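Heads up: the structure comes next, in structure tokens.
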Amino acid sequence: MSFYTLKPFPTVLSSLSKSENLSPESKILQAIAVLEVFKAYLDSLSEKEKEALPIWSVAPQFLYGLMDYAPLESARTRMAEIIVEAAQHGNAELLNLARYFYHNLVGIFKSQSDARINSTFPSLISSRQDLEQIARSLTPGKQSNVKVKARKRDQNRCLITGIYDVTTFPFDSEEIESNPQCDAFPTEVAHIMPFSLVDFSKTQYTNDDTAIAKNDRYLPFWDIARWFGGIESTELSGQNINRLENVMTLISPAHNYFDNLMLWLDAVPGTDNCYRVQFAKPHYKTRSFSNDIVQFTTSDPNIMPLPSPAYLRLHAACAKIAHVSGVGELMNKLDEELAERRGADKLDPVMFTVGIVAALRSKKLDGRIIGVMVTASHNPEEDNGVKLVDPRGEMLEQSWEGYATTLANASSPEDLNARIEEMVSALHIDVTKPANVIYARDTRPSGPELVASLVDGLKASPGAPTSYTDEGLLTTPILHYLVRCKNTQGTAEEYGVPTPEGYYEKLSAAFIKLIKSVGGVSSEILVDCANGVGFFATENFAKHLDGYIKLVPINTSVDKLGVLNKGCGADFVKTQQRVPPSMAPHLQPNQRACSLDGDADRLMYYYLDNDGLFRMLDGDKIAALVAGFLGDLVQAAGIPKERMNVGVVQTAYANGASTNYLTQRVPVQCVPTGVKHLHHAAEHYSIGVYFEANGHGTVLFSSNALKTLKSYEANTAAQRTAVNTLLALTDLINQTVGDALSDMLLVEVVLAHKGYGGAEWDSLYTDLPNRLVKVSVKDRNAFKTVDAERRLVEPAGLQARLDDLMKMYSGGRAFVRPSGTEDVVRVYAEAAHKAEADELAFKVAGMVYDQAGGDPMTRPHEFL
């Protein structure tokens, strides 16, 4: 159970006055009341529910500490307002708020971390524009000679303990003679505001956008520091991170304590630069820390200024917040979680090798353009990934995936060079040939930084230099389109104008032509843009298609951190099988809506029926609608089947009802899971239709099909109309890859031609109830499949038992396939009734668990 699924907790907000009408003191009291209710709620959870929140059960105390120990009075008031407003959104937002401030403030000080957790809370963070202004104020820093300057100011002593630096210890001084206990240790330069905030010296940066990318992970910190601690990012940009106001000379134990918030300095009231040394726990105060009070002095405050009281105040506040009411006891667990969430940060070296692979692929293909798309598609915002695009806009050739993996797994620069040489030799790559690469990214905050690593890899590729072009923010399908257009430009296979505007114009012109042929009736479609790059494409199509279809974009917060794919988007609709909450207020009964995913290569349709019930129209439904329409057009055109056939490609996950519906109309082929398998199989038909149930898919027209359509001589007006419709569809459909926007326009054209609404489309067939179950196993490789992953050959005998079991259920179908990425086996089952589908799935899961040698003591209770 995650904290997003916790039951609602009682709130006192309804009985409290509006925040803007209250005095600062009343606002703080209001926040305290909210936190008391929140704590009581968490305390009331069952032990099982508490196990799901081992760390964040202390969220109320942590939030109280943020308010109570805020360095500024204005920050206390604002913190109170934030707590109250977050509570209005429920327990999940309060927990998210605690996580946000730990990872973006306290955690930054404690471990000098480079991770970030975003918040969806609108008034917590500044706008993206404000954050970019902060980023542009930051420049890389270097440690230079700061240690020498600090040690000179601090008279060669640790500021907290008074212990001498061992390299400058005055062995002949009177002090050593009069004080045999006088110690000397190596000293270190300690940064109050962490040096890692601007430590980017390992890479050279040549433009503002890259600077923004490298500082992007710390933008929330600087935003908080500004209003919470009164510290501007400009104070510590570049070499200013080493300004004497931000450094202290400390011995190693004091430095370690200070960096981990185990020690802090509280200002003594009434005395400038005088501090009380505080410890998180009494036993931390060892013999070396004999001073309870320390007084900082300098011989020249202008040339050698003392540590900033503001910086020390913010550090002290974070230390106290971390250790108030038991929060400090869980700090190590918090750090473990923080480390686990570095997701996209781990991709830097991978992106570097991807750049090399892309350049080598281009060289191997005589300089043809290769595309690189930086995206994690439907996955959470903190994740990121990469896709390589071959010259015709298709996915990277499968045999090259192994080489890419080999380079990414190199253990050192020397190992990487050796592996590159082996790859060049094995594939007979002439590295003296030119290489050409274009790349783009989605809206994830980690994207610019990963692009910078990609460019480093492109520059480092062996042989002749690589020419590369940054296409900026694009949907994945548009990048695929650009790659194909650029590689076919000026040839007989020219695909279109190689610009994003060319993409919009090509598809829009085809849509208008197809809609006009049936009266040009416009409709209104709600488009859930998943707060991603698909919003830009939707906006552009809305302008180009004004008067022919009304596209209403929703979830368009592309400049807001933490909301990409969150509670919306195609994957949410498919997995949750309900309307995204943000769409619900806008959707009326029988009105069509659709959801894109983060990079706009998946599409899910849905509507509410007359009773207000959610009805999902997934990839299987899209395939049925489109394939039937195309088959009817080919027949209406009078083109013989031996000259043009329409076929559908599915995976084992396609609902059995869709397969039954389609096989009565067109040939249907089942292939292993994965877009590359679907795309390749679809190429074997004159017109190949493939869609996964998750909404990813497209239609492919073979070169022979295009020649036939362009040269076909129709005998009647009806045949000419059908042929012209098919030709227009070849322009409307993005044939390079699954494209949510192109598919949406295709669906709307088919519905207009057929005169269908959502209900008529939905009635093509009724999905069989189904259930997907994941079974953890010790070794997924023990399970081997054949027949497009629909039948098991190992473990021996298990498939025969499954066959016998399926016969016991009406419409029963089940298959087992190992995951490609983790030690789990996935079980899919369907039957005529929901209860039977569930029972079949759990019985098969039980068989798999037992066959894999699962521990009977930990066997999931639902496995039958």
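To be explicit about the labels: the chains of the structure tokens are called A, B, and onward in the order shown, and within each one the residues are counted from 1, while ligands get numbers from 1 in the order they are shown.
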Residues within 8 Å of A:Lys843, only C-alpha atoms, excluding chain neighbours under 3 positions, as a VMD selection string:
chain A and resid 839 to 840 846 to 847 863 to 864
Requested write-out: all heavy atoms of the selected residues, as a short mmCIF file (atom, residue, chain, number, x, y, z; two decimals), in the first residue's frame:
data_model
loop_
_atom_site.label_atom_id
_atom_site.label_comp_id
_atom_site.auth_asym_id
_atom_site.auth_seq_id
_atom_site.Cartn_x
_atom_site.Cartn_y
_atom_site.Cartn_z
N GLU A 839 -10.69 -16.30 -10.68
CA GLU A 839 -10.36 -17.62 -10.12
C GLU A 839 -9.33 -18.35 -10.97
O GLU A 839 -8.37 -18.92 -10.46
CB GLU A 839 -11.64 -18.46 -10.00
CG GLU A 839 -11.41 -19.83 -9.38
CD GLU A 839 -12.69 -20.61 -9.25
OE1 GLU A 839 -13.50 -20.25 -8.38
OE2 GLU A 839 -12.87 -21.58 -10.02
N LEU A 840 -9.52 -18.31 -12.29
CA LEU A 840 -8.58 -18.95 -13.19
C LEU A 840 -7.18 -18.33 -13.04
O LEU A 840 -6.18 -19.05 -12.98
CB LEU A 840 -9.07 -18.82 -14.63
CG LEU A 840 -8.14 -19.36 -15.73
CD1 LEU A 840 -7.83 -20.83 -15.52
CD2 LEU A 840 -8.77 -19.13 -17.12
N GLY A 846 -1.05 -19.79 -8.57
CA GLY A 846 -0.68 -20.76 -7.56
C GLY A 846 0.16 -21.89 -8.13
O GLY A 846 1.15 -22.33 -7.52
N MET A 847 -0.21 -22.36 -9.31
CA MET A 847 0.57 -23.42 -9.97
C MET A 847 2.00 -22.94 -10.24
O MET A 847 2.97 -23.66 -10.02
CB MET A 847 -0.09 -23.80 -11.30
CG MET A 847 -1.34 -24.64 -11.19
SD MET A 847 -1.92 -25.06 -12.86
CE MET A 847 -3.37 -26.05 -12.45
N PHE A 863 -3.54 -16.81 -3.96
CA PHE A 863 -3.18 -17.87 -4.91
C PHE A 863 -3.93 -19.14 -4.52
O PHE A 863 -3.80 -19.63 -3.39
CB PHE A 863 -1.68 -18.12 -4.91
CG PHE A 863 -0.87 -17.02 -5.54
CD1 PHE A 863 -1.47 -15.86 -6.01
CD2 PHE A 863 0.51 -17.14 -5.69
CE1 PHE A 863 -0.72 -14.85 -6.59
CE2 PHE A 863 1.26 -16.14 -6.27
CZ PHE A 863 0.64 -14.99 -6.71
N LEU A 864 -4.69 -19.70 -5.46
CA LEU A 864 -5.54 -20.85 -5.17
C LEU A 864 -4.84 -22.16 -5.52
O LEU A 864 -3.89 -22.19 -6.28
CB LEU A 864 -6.86 -20.72 -5.95
CG LEU A 864 -7.64 -19.43 -5.69
CD1 LEU A 864 -8.87 -19.37 -6.59
CD2 LEU A 864 -8.05 -19.34 -4.22
#
Write out as a count of residues only which residues come within 9 Å of A:Tyr828 when counting only C-alpha atoms, dropping same-chain ones fewer than 5 positions away.
14
Please, what distance in Å, to one decimal, runs between atom CA of A:Phe228 and atom CA of A:Cys274?
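Calculated distance between atom CA of A:Phe228 and atom CA of A:Cys274 is 22.6 Å.
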With distances taken over only C-alpha atoms, the candidate from A:Glu539, A:Lys710, A:Tyr403, A:Val357 nearest A:Ser461 is A:Val357
Which residues are close to A:Tyr64, i.e. within 12 Å by only C-alpha atoms, leaving aside same-chain residues fewer than 2 positions away? Reply as a PyMOL selection string.
chain A and resi 28-36+38-39+58-62+66-70+76-77+79-80+82-84+94+97-98+101+320-325+327
Write a file of the selected residues as a compact mmCIF listing (two decimals), in the first residue's frame, keeping N, CA, C and O atoms.
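What follows is the written file again_39.txt:
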# COMPACT_ATOMS: atom_id res chain seq x y z
N ILE A 28 -0.60 30.09 12.26
CA ILE A 28 0.25 29.06 12.86
C ILE A 28 -0.58 28.13 13.74
O ILE A 28 -0.42 26.90 13.70
N LEU A 29 -1.49 28.69 14.51
CA LEU A 29 -2.36 27.87 15.35
C LEU A 29 -3.24 26.96 14.49
O LEU A 29 -3.51 25.80 14.85
N GLN A 30 -3.69 27.50 13.38
CA GLN A 30 -4.51 26.70 12.46
C GLN A 30 -3.70 25.51 11.92
O GLN A 30 -4.19 24.38 11.87
N ALA A 31 -2.45 25.77 11.53
CA ALA A 31 -1.60 24.69 11.03
C ALA A 31 -1.34 23.65 12.10
O ALA A 31 -1.32 22.44 11.83
N ILE A 32 -1.13 24.10 13.32
CA ILE A 32 -0.90 23.15 14.43
C ILE A 32 -2.11 22.26 14.61
O ILE A 32 -1.99 21.04 14.81
N ALA A 33 -3.31 22.85 14.51
CA ALA A 33 -4.53 22.06 14.65
C ALA A 33 -4.63 21.01 13.55
O ALA A 33 -5.01 19.86 13.80
N VAL A 34 -4.28 21.40 12.33
CA VAL A 34 -4.30 20.46 11.22
C VAL A 34 -3.33 19.31 11.48
O VAL A 34 -3.66 18.13 11.28
N LEU A 35 -2.12 19.64 11.95
CA LEU A 35 -1.12 18.61 12.18
C LEU A 35 -1.51 17.68 13.33
O LEU A 35 -1.18 16.48 13.31
N GLU A 36 -2.19 18.21 14.32
CA GLU A 36 -2.66 17.36 15.41
C GLU A 36 -3.67 16.34 14.90
O GLU A 36 -3.63 15.15 15.27
N PHE A 38 -3.89 15.33 11.81
CA PHE A 38 -3.14 14.44 10.91
C PHE A 38 -2.39 13.38 11.71
O PHE A 38 -2.39 12.19 11.35
N LYS A 39 -1.76 13.79 12.81
CA LYS A 39 -1.02 12.82 13.64
C LYS A 39 -1.97 11.81 14.26
O LYS A 39 -1.68 10.60 14.30
N VAL A 58 6.17 9.88 10.74
CA VAL A 58 6.57 11.05 11.52
C VAL A 58 6.37 12.34 10.73
O VAL A 58 6.88 13.39 11.11
N ALA A 59 5.63 12.28 9.64
CA ALA A 59 5.41 13.47 8.82
C ALA A 59 4.83 14.64 9.60
O ALA A 59 5.27 15.78 9.40
N PRO A 60 3.85 14.43 10.50
CA PRO A 60 3.32 15.59 11.24
C PRO A 60 4.39 16.30 12.07
O PRO A 60 4.45 17.53 12.10
N GLN A 61 5.24 15.51 12.76
CA GLN A 61 6.31 16.13 13.56
C GLN A 61 7.30 16.86 12.68
O GLN A 61 7.80 17.93 13.02
N PHE A 62 7.60 16.27 11.52
CA PHE A 62 8.54 16.89 10.60
C PHE A 62 8.00 18.23 10.09
O PHE A 62 8.71 19.24 10.07
N LEU A 66 9.40 22.13 10.63
CA LEU A 66 9.65 23.12 9.56
C LEU A 66 9.06 24.47 9.93
O LEU A 66 9.64 25.52 9.66
N MET A 67 7.88 24.43 10.54
CA MET A 67 7.22 25.68 10.91
C MET A 67 7.85 26.27 12.17
O MET A 67 8.12 27.47 12.24
N ASP A 68 8.13 25.42 13.15
CA ASP A 68 8.61 25.90 14.43
C ASP A 68 10.04 26.43 14.38
O ASP A 68 10.38 27.40 15.06
N TYR A 69 10.88 25.80 13.54
CA TYR A 69 12.28 26.18 13.49
C TYR A 69 12.64 27.00 12.25
O TYR A 69 13.82 27.20 11.96
N ALA A 70 11.64 27.46 11.53
CA ALA A 70 11.92 28.30 10.36
C ALA A 70 12.78 29.48 10.76
O ALA A 70 12.52 30.14 11.77
N ARG A 76 7.86 31.16 8.81
CA ARG A 76 6.95 30.41 9.70
C ARG A 76 5.51 30.57 9.23
O ARG A 76 4.76 29.59 9.15
N THR A 77 5.14 31.79 8.90
CA THR A 77 3.77 32.04 8.46
C THR A 77 3.49 31.35 7.13
O THR A 77 2.44 30.71 6.95
N MET A 79 4.97 28.77 5.91
CA MET A 79 4.96 27.32 6.12
C MET A 79 3.61 26.89 6.67
O MET A 79 3.06 25.85 6.28
N ALA A 80 3.06 27.68 7.56
CA ALA A 80 1.74 27.37 8.11
C ALA A 80 0.68 27.39 7.01
O ALA A 80 -0.19 26.50 6.95
N ILE A 82 1.13 26.84 3.84
CA ILE A 82 1.36 25.70 2.96
C ILE A 82 0.78 24.43 3.57
O ILE A 82 0.15 23.62 2.89
N ILE A 83 0.98 24.24 4.87
CA ILE A 83 0.47 23.05 5.55
C ILE A 83 -1.06 23.01 5.47
O ILE A 83 -1.65 21.97 5.17
N VAL A 84 -1.69 24.13 5.74
CA VAL A 84 -3.15 24.17 5.73
C VAL A 84 -3.68 23.92 4.32
O VAL A 84 -4.63 23.15 4.13
N LEU A 94 -0.24 15.93 2.25
CA LEU A 94 0.56 16.25 3.44
C LEU A 94 1.79 15.35 3.51
O LEU A 94 2.89 15.81 3.84
N LEU A 97 4.15 16.54 0.96
CA LEU A 97 4.76 17.79 1.39
C LEU A 97 5.98 17.51 2.28
O LEU A 97 7.03 18.13 2.14
N ALA A 98 5.82 16.56 3.21
CA ALA A 98 6.94 16.21 4.08
C ALA A 98 8.09 15.64 3.28
O ALA A 98 9.27 15.99 3.50
N PHE A 101 9.98 18.49 1.33
CA PHE A 101 10.89 19.33 2.11
C PHE A 101 12.08 18.55 2.63
O PHE A 101 13.16 19.11 2.81
N LYS A 320 17.89 21.02 13.40
CA LYS A 320 16.87 20.88 14.45
C LYS A 320 15.60 20.23 13.91
O LYS A 320 14.97 19.41 14.59
N ILE A 321 15.22 20.60 12.69
CA ILE A 321 14.04 19.99 12.08
C ILE A 321 14.25 18.49 11.94
O ILE A 321 13.34 17.69 12.19
N ALA A 322 15.47 18.11 11.55
CA ALA A 322 15.75 16.69 11.33
C ALA A 322 15.65 15.88 12.61
O ALA A 322 15.31 14.70 12.58
N HIS A 323 15.94 16.51 13.74
CA HIS A 323 16.03 15.74 14.97
C HIS A 323 14.91 16.02 15.95
O HIS A 323 14.94 15.57 17.08
N VAL A 324 13.88 16.77 15.52
CA VAL A 324 12.79 17.05 16.43
C VAL A 324 11.87 15.84 16.55
O VAL A 324 11.58 15.16 15.57
N SER A 325 11.42 15.53 17.72
CA SER A 325 10.39 14.52 17.98
C SER A 325 10.66 13.18 17.30
O SER A 325 9.75 12.53 16.79
N VAL A 327 12.32 12.43 14.55
CA VAL A 327 12.52 12.36 13.11
C VAL A 327 13.94 11.91 12.78
O VAL A 327 14.16 11.13 11.85
Quick one, how far is atom CA of A:Leu596 from atom CA of A:Lys566?
12.2 Å
I'd like the neighbourhood of A:Thr406 as a PDB file with N, CA and C atoms, in the first residue's frame, where a residue qualifies if any of its atoms comes within 9 Å (using only C-alpha atoms), though same-chain residues fewer than 5 positions away should be ignored.
ATOM      1  N   GLU A 401      20.823  -3.629 -30.467  1.00  0.00           N
ATOM      2  CA  GLU A 401      20.483  -3.436 -29.055  1.00  0.00           C
ATOM      3  C   GLU A 401      21.519  -4.096 -28.156  1.00  0.00           C
ATOM      4  N   LEU A 416      35.553   0.696 -22.043  1.00  0.00           N
ATOM      5  CA  LEU A 416      34.639   1.231 -23.046  1.00  0.00           C
ATOM      6  C   LEU A 416      35.342   1.351 -24.396  1.00  0.00           C
ATOM      7  N   ARG A 419      35.705  -2.024 -25.977  1.00  0.00           N
ATOM      8  CA  ARG A 419      34.438  -2.550 -26.491  1.00  0.00           C
ATOM      9  C   ARG A 419      34.025  -1.823 -27.776  1.00  0.00           C
TER      10      ARG A 419
END
Output as a list in words all residues of stretch 426-459 of chain A that backbone DSSP marks as alpha helix (DSSP H).
Ala426, Gly447, Pro448, Glu449, Leu450, Val451, Ala452, Ser453, Leu454, Val455, Asp456, Gly457, Leu458 and Lys459 of chain A
Would you output that residue set with N, CA and C atoms, as an mmCIF file, in the first residue's frame?
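Everything below was put into again_26.cif:
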data_model
loop_
_atom_site.group_PDB
_atom_site.id
_atom_site.type_symbol
_atom_site.label_atom_id
_atom_site.label_comp_id
_atom_site.auth_asym_id
_atom_site.auth_seq_id
_atom_site.Cartn_x
_atom_site.Cartn_y
_atom_site.Cartn_z
ATOM 1 N N ALA A 426 33.802 -5.866 -35.497
ATOM 2 C CA ALA A 426 32.811 -6.913 -35.767
ATOM 3 C C ALA A 426 31.806 -6.485 -36.825
ATOM 4 N N GLY A 447 15.661 15.847 -18.585
ATOM 5 C CA GLY A 447 15.962 15.758 -19.999
ATOM 6 C C GLY A 447 17.151 16.579 -20.466
ATOM 7 N N PRO A 448 17.230 17.882 -20.145
ATOM 8 C CA PRO A 448 18.360 18.688 -20.639
ATOM 9 C C PRO A 448 19.718 18.145 -20.197
ATOM 10 N N GLU A 449 19.794 17.657 -18.967
ATOM 11 C CA GLU A 449 21.072 17.130 -18.489
ATOM 12 C C GLU A 449 21.456 15.869 -19.254
ATOM 13 N N LEU A 450 20.475 15.010 -19.497
ATOM 14 C CA LEU A 450 20.764 13.785 -20.230
ATOM 15 C C LEU A 450 21.130 14.090 -21.675
ATOM 16 N N VAL A 451 20.515 15.099 -22.236
ATOM 17 C CA VAL A 451 20.878 15.522 -23.591
ATOM 18 C C VAL A 451 22.335 15.988 -23.619
ATOM 19 N N ALA A 452 22.757 16.687 -22.579
ATOM 20 C CA ALA A 452 24.154 17.135 -22.514
ATOM 21 C C ALA A 452 25.104 15.937 -22.516
ATOM 22 N N SER A 453 24.741 14.874 -21.786
ATOM 23 C CA SER A 453 25.571 13.666 -21.777
ATOM 24 C C SER A 453 25.550 12.989 -23.141
ATOM 25 N N LEU A 454 24.390 13.007 -23.788
ATOM 26 C CA LEU A 454 24.277 12.437 -25.130
ATOM 27 C C LEU A 454 25.223 13.161 -26.093
ATOM 28 N N VAL A 455 25.225 14.481 -26.037
ATOM 29 C CA VAL A 455 26.083 15.267 -26.926
ATOM 30 C C VAL A 455 27.555 14.973 -26.649
ATOM 31 N N ASP A 456 27.905 14.807 -25.368
ATOM 32 C CA ASP A 456 29.287 14.432 -25.051
ATOM 33 C C ASP A 456 29.661 13.131 -25.742
ATOM 34 N N GLY A 457 28.716 12.165 -25.752
ATOM 35 C CA GLY A 457 28.970 10.896 -26.424
ATOM 36 C C GLY A 457 29.097 11.054 -27.932
ATOM 37 N N LEU A 458 28.269 11.900 -28.516
ATOM 38 C CA LEU A 458 28.358 12.149 -29.957
ATOM 39 C C LEU A 458 29.722 12.741 -30.316
ATOM 40 N N LYS A 459 30.188 13.646 -29.467
ATOM 41 C CA LYS A 459 31.488 14.271 -29.715
ATOM 42 C C LYS A 459 32.636 13.278 -29.540
#
What separation in Å, quoted to one decimal, exists between atom CA of A:Asn384 and atom CA of A:Leu427?
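Atom CA of A:Asn384 sits 29.2 Å away from atom CA of A:Leu427.
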Distance query stretch 241-249 of chain A at most 7 Å, only C-alpha atoms, self and fewer than 4 positions along chain excluded, as number ranges by chain:
A: 141, 143, 146, 150-151, 154, 157-159, 187-193, 195, 236-237, 304-308
Within 12 Å of A:Pro640, counting only C-alpha atoms, which residues qualify if same-chain residues fewer than 4 places away don't, as a PyMOL selection string?
chain A and resi 631+633-636+644-646+686+705+708-709+712
Output all heavy atoms of each residue in that selection to a file, as a compact mmCIF listing (two decimals), in the first residue's frame.
# COMPACT_ATOMS: atom_id res chain seq x y z
N GLY A 631 -10.62 -2.69 -44.26
CA GLY A 631 -11.08 -3.84 -45.05
C GLY A 631 -12.26 -3.49 -45.91
O GLY A 631 -12.34 -3.89 -47.10
N LEU A 633 -12.98 -0.52 -47.08
CA LEU A 633 -12.53 0.38 -48.15
C LEU A 633 -11.88 -0.39 -49.29
O LEU A 633 -12.12 -0.09 -50.48
CB LEU A 633 -11.56 1.41 -47.59
CG LEU A 633 -12.15 2.57 -46.78
CD1 LEU A 633 -11.03 3.41 -46.18
CD2 LEU A 633 -13.06 3.44 -47.64
N VAL A 634 -11.02 -1.35 -48.95
CA VAL A 634 -10.36 -2.15 -49.99
C VAL A 634 -11.40 -2.90 -50.82
O VAL A 634 -11.32 -2.97 -52.06
CB VAL A 634 -9.35 -3.12 -49.37
CG1 VAL A 634 -8.81 -4.09 -50.42
CG2 VAL A 634 -8.19 -2.36 -48.74
N GLN A 635 -12.40 -3.44 -50.13
CA GLN A 635 -13.47 -4.15 -50.83
C GLN A 635 -14.29 -3.18 -51.69
O GLN A 635 -14.61 -3.48 -52.85
CB GLN A 635 -14.37 -4.85 -49.83
CG GLN A 635 -15.44 -5.73 -50.45
CD GLN A 635 -16.24 -6.50 -49.41
OE1 GLN A 635 -16.02 -6.37 -48.21
NE2 GLN A 635 -17.18 -7.32 -49.88
N ALA A 636 -14.59 -2.00 -51.15
CA ALA A 636 -15.36 -1.01 -51.90
C ALA A 636 -14.60 -0.51 -53.11
O ALA A 636 -15.20 -0.14 -54.13
CB ALA A 636 -15.73 0.16 -50.99
N MET A 644 -4.08 -6.74 -52.73
CA MET A 644 -4.03 -5.92 -51.50
C MET A 644 -4.78 -6.62 -50.38
O MET A 644 -6.00 -6.82 -50.47
CB MET A 644 -4.61 -4.52 -51.74
CG MET A 644 -4.46 -3.59 -50.55
SD MET A 644 -4.97 -1.89 -50.95
CE MET A 644 -3.75 -1.43 -52.15
N ASN A 645 -4.07 -6.98 -49.34
CA ASN A 645 -4.72 -7.61 -48.19
C ASN A 645 -4.54 -6.74 -46.94
O ASN A 645 -3.59 -5.97 -46.82
CB ASN A 645 -4.16 -9.01 -47.94
CG ASN A 645 -2.69 -9.00 -47.58
OD1 ASN A 645 -1.99 -8.03 -47.81
ND2 ASN A 645 -2.21 -10.11 -47.03
N VAL A 646 -5.49 -6.84 -46.06
CA VAL A 646 -5.44 -6.13 -44.77
C VAL A 646 -5.27 -7.18 -43.67
O VAL A 646 -6.01 -8.17 -43.63
CB VAL A 646 -6.73 -5.33 -44.52
CG1 VAL A 646 -6.67 -4.64 -43.15
CG2 VAL A 646 -6.94 -4.30 -45.61
N SER A 686 -0.15 -6.02 -47.01
CA SER A 686 -0.26 -4.82 -47.85
C SER A 686 -0.63 -3.63 -46.96
O SER A 686 -0.07 -2.54 -47.08
CB SER A 686 -1.33 -5.02 -48.93
OG SER A 686 -1.07 -6.13 -49.72
N ALA A 705 1.52 -1.58 -51.88
CA ALA A 705 0.16 -1.08 -51.67
C ALA A 705 0.03 0.36 -52.15
O ALA A 705 -0.97 0.74 -52.79
CB ALA A 705 -0.21 -1.17 -50.19
N THR A 708 -0.05 0.41 -55.89
CA THR A 708 -1.35 -0.06 -56.37
C THR A 708 -2.40 1.03 -56.27
O THR A 708 -3.17 1.27 -57.21
CB THR A 708 -1.79 -1.30 -55.56
OG1 THR A 708 -0.86 -2.36 -55.75
CG2 THR A 708 -3.17 -1.77 -55.99
N LEU A 709 -2.42 1.71 -55.12
CA LEU A 709 -3.43 2.75 -54.92
C LEU A 709 -3.24 3.92 -55.89
O LEU A 709 -4.21 4.49 -56.41
CB LEU A 709 -3.38 3.27 -53.48
CG LEU A 709 -3.87 2.29 -52.41
CD1 LEU A 709 -3.58 2.84 -51.01
CD2 LEU A 709 -5.37 2.04 -52.56
N TYR A 712 -4.14 2.52 -59.53
CA TYR A 712 -5.36 1.73 -59.71
C TYR A 712 -6.41 2.52 -60.50
O TYR A 712 -6.67 3.70 -60.22
CB TYR A 712 -5.93 1.32 -58.35
CG TYR A 712 -7.11 0.36 -58.44
CD1 TYR A 712 -6.91 -0.96 -58.84
CD2 TYR A 712 -8.39 0.79 -58.15
CE1 TYR A 712 -7.98 -1.84 -58.91
CE2 TYR A 712 -9.47 -0.08 -58.23
CZ TYR A 712 -9.26 -1.39 -58.61
OH TYR A 712 -10.31 -2.26 -58.69
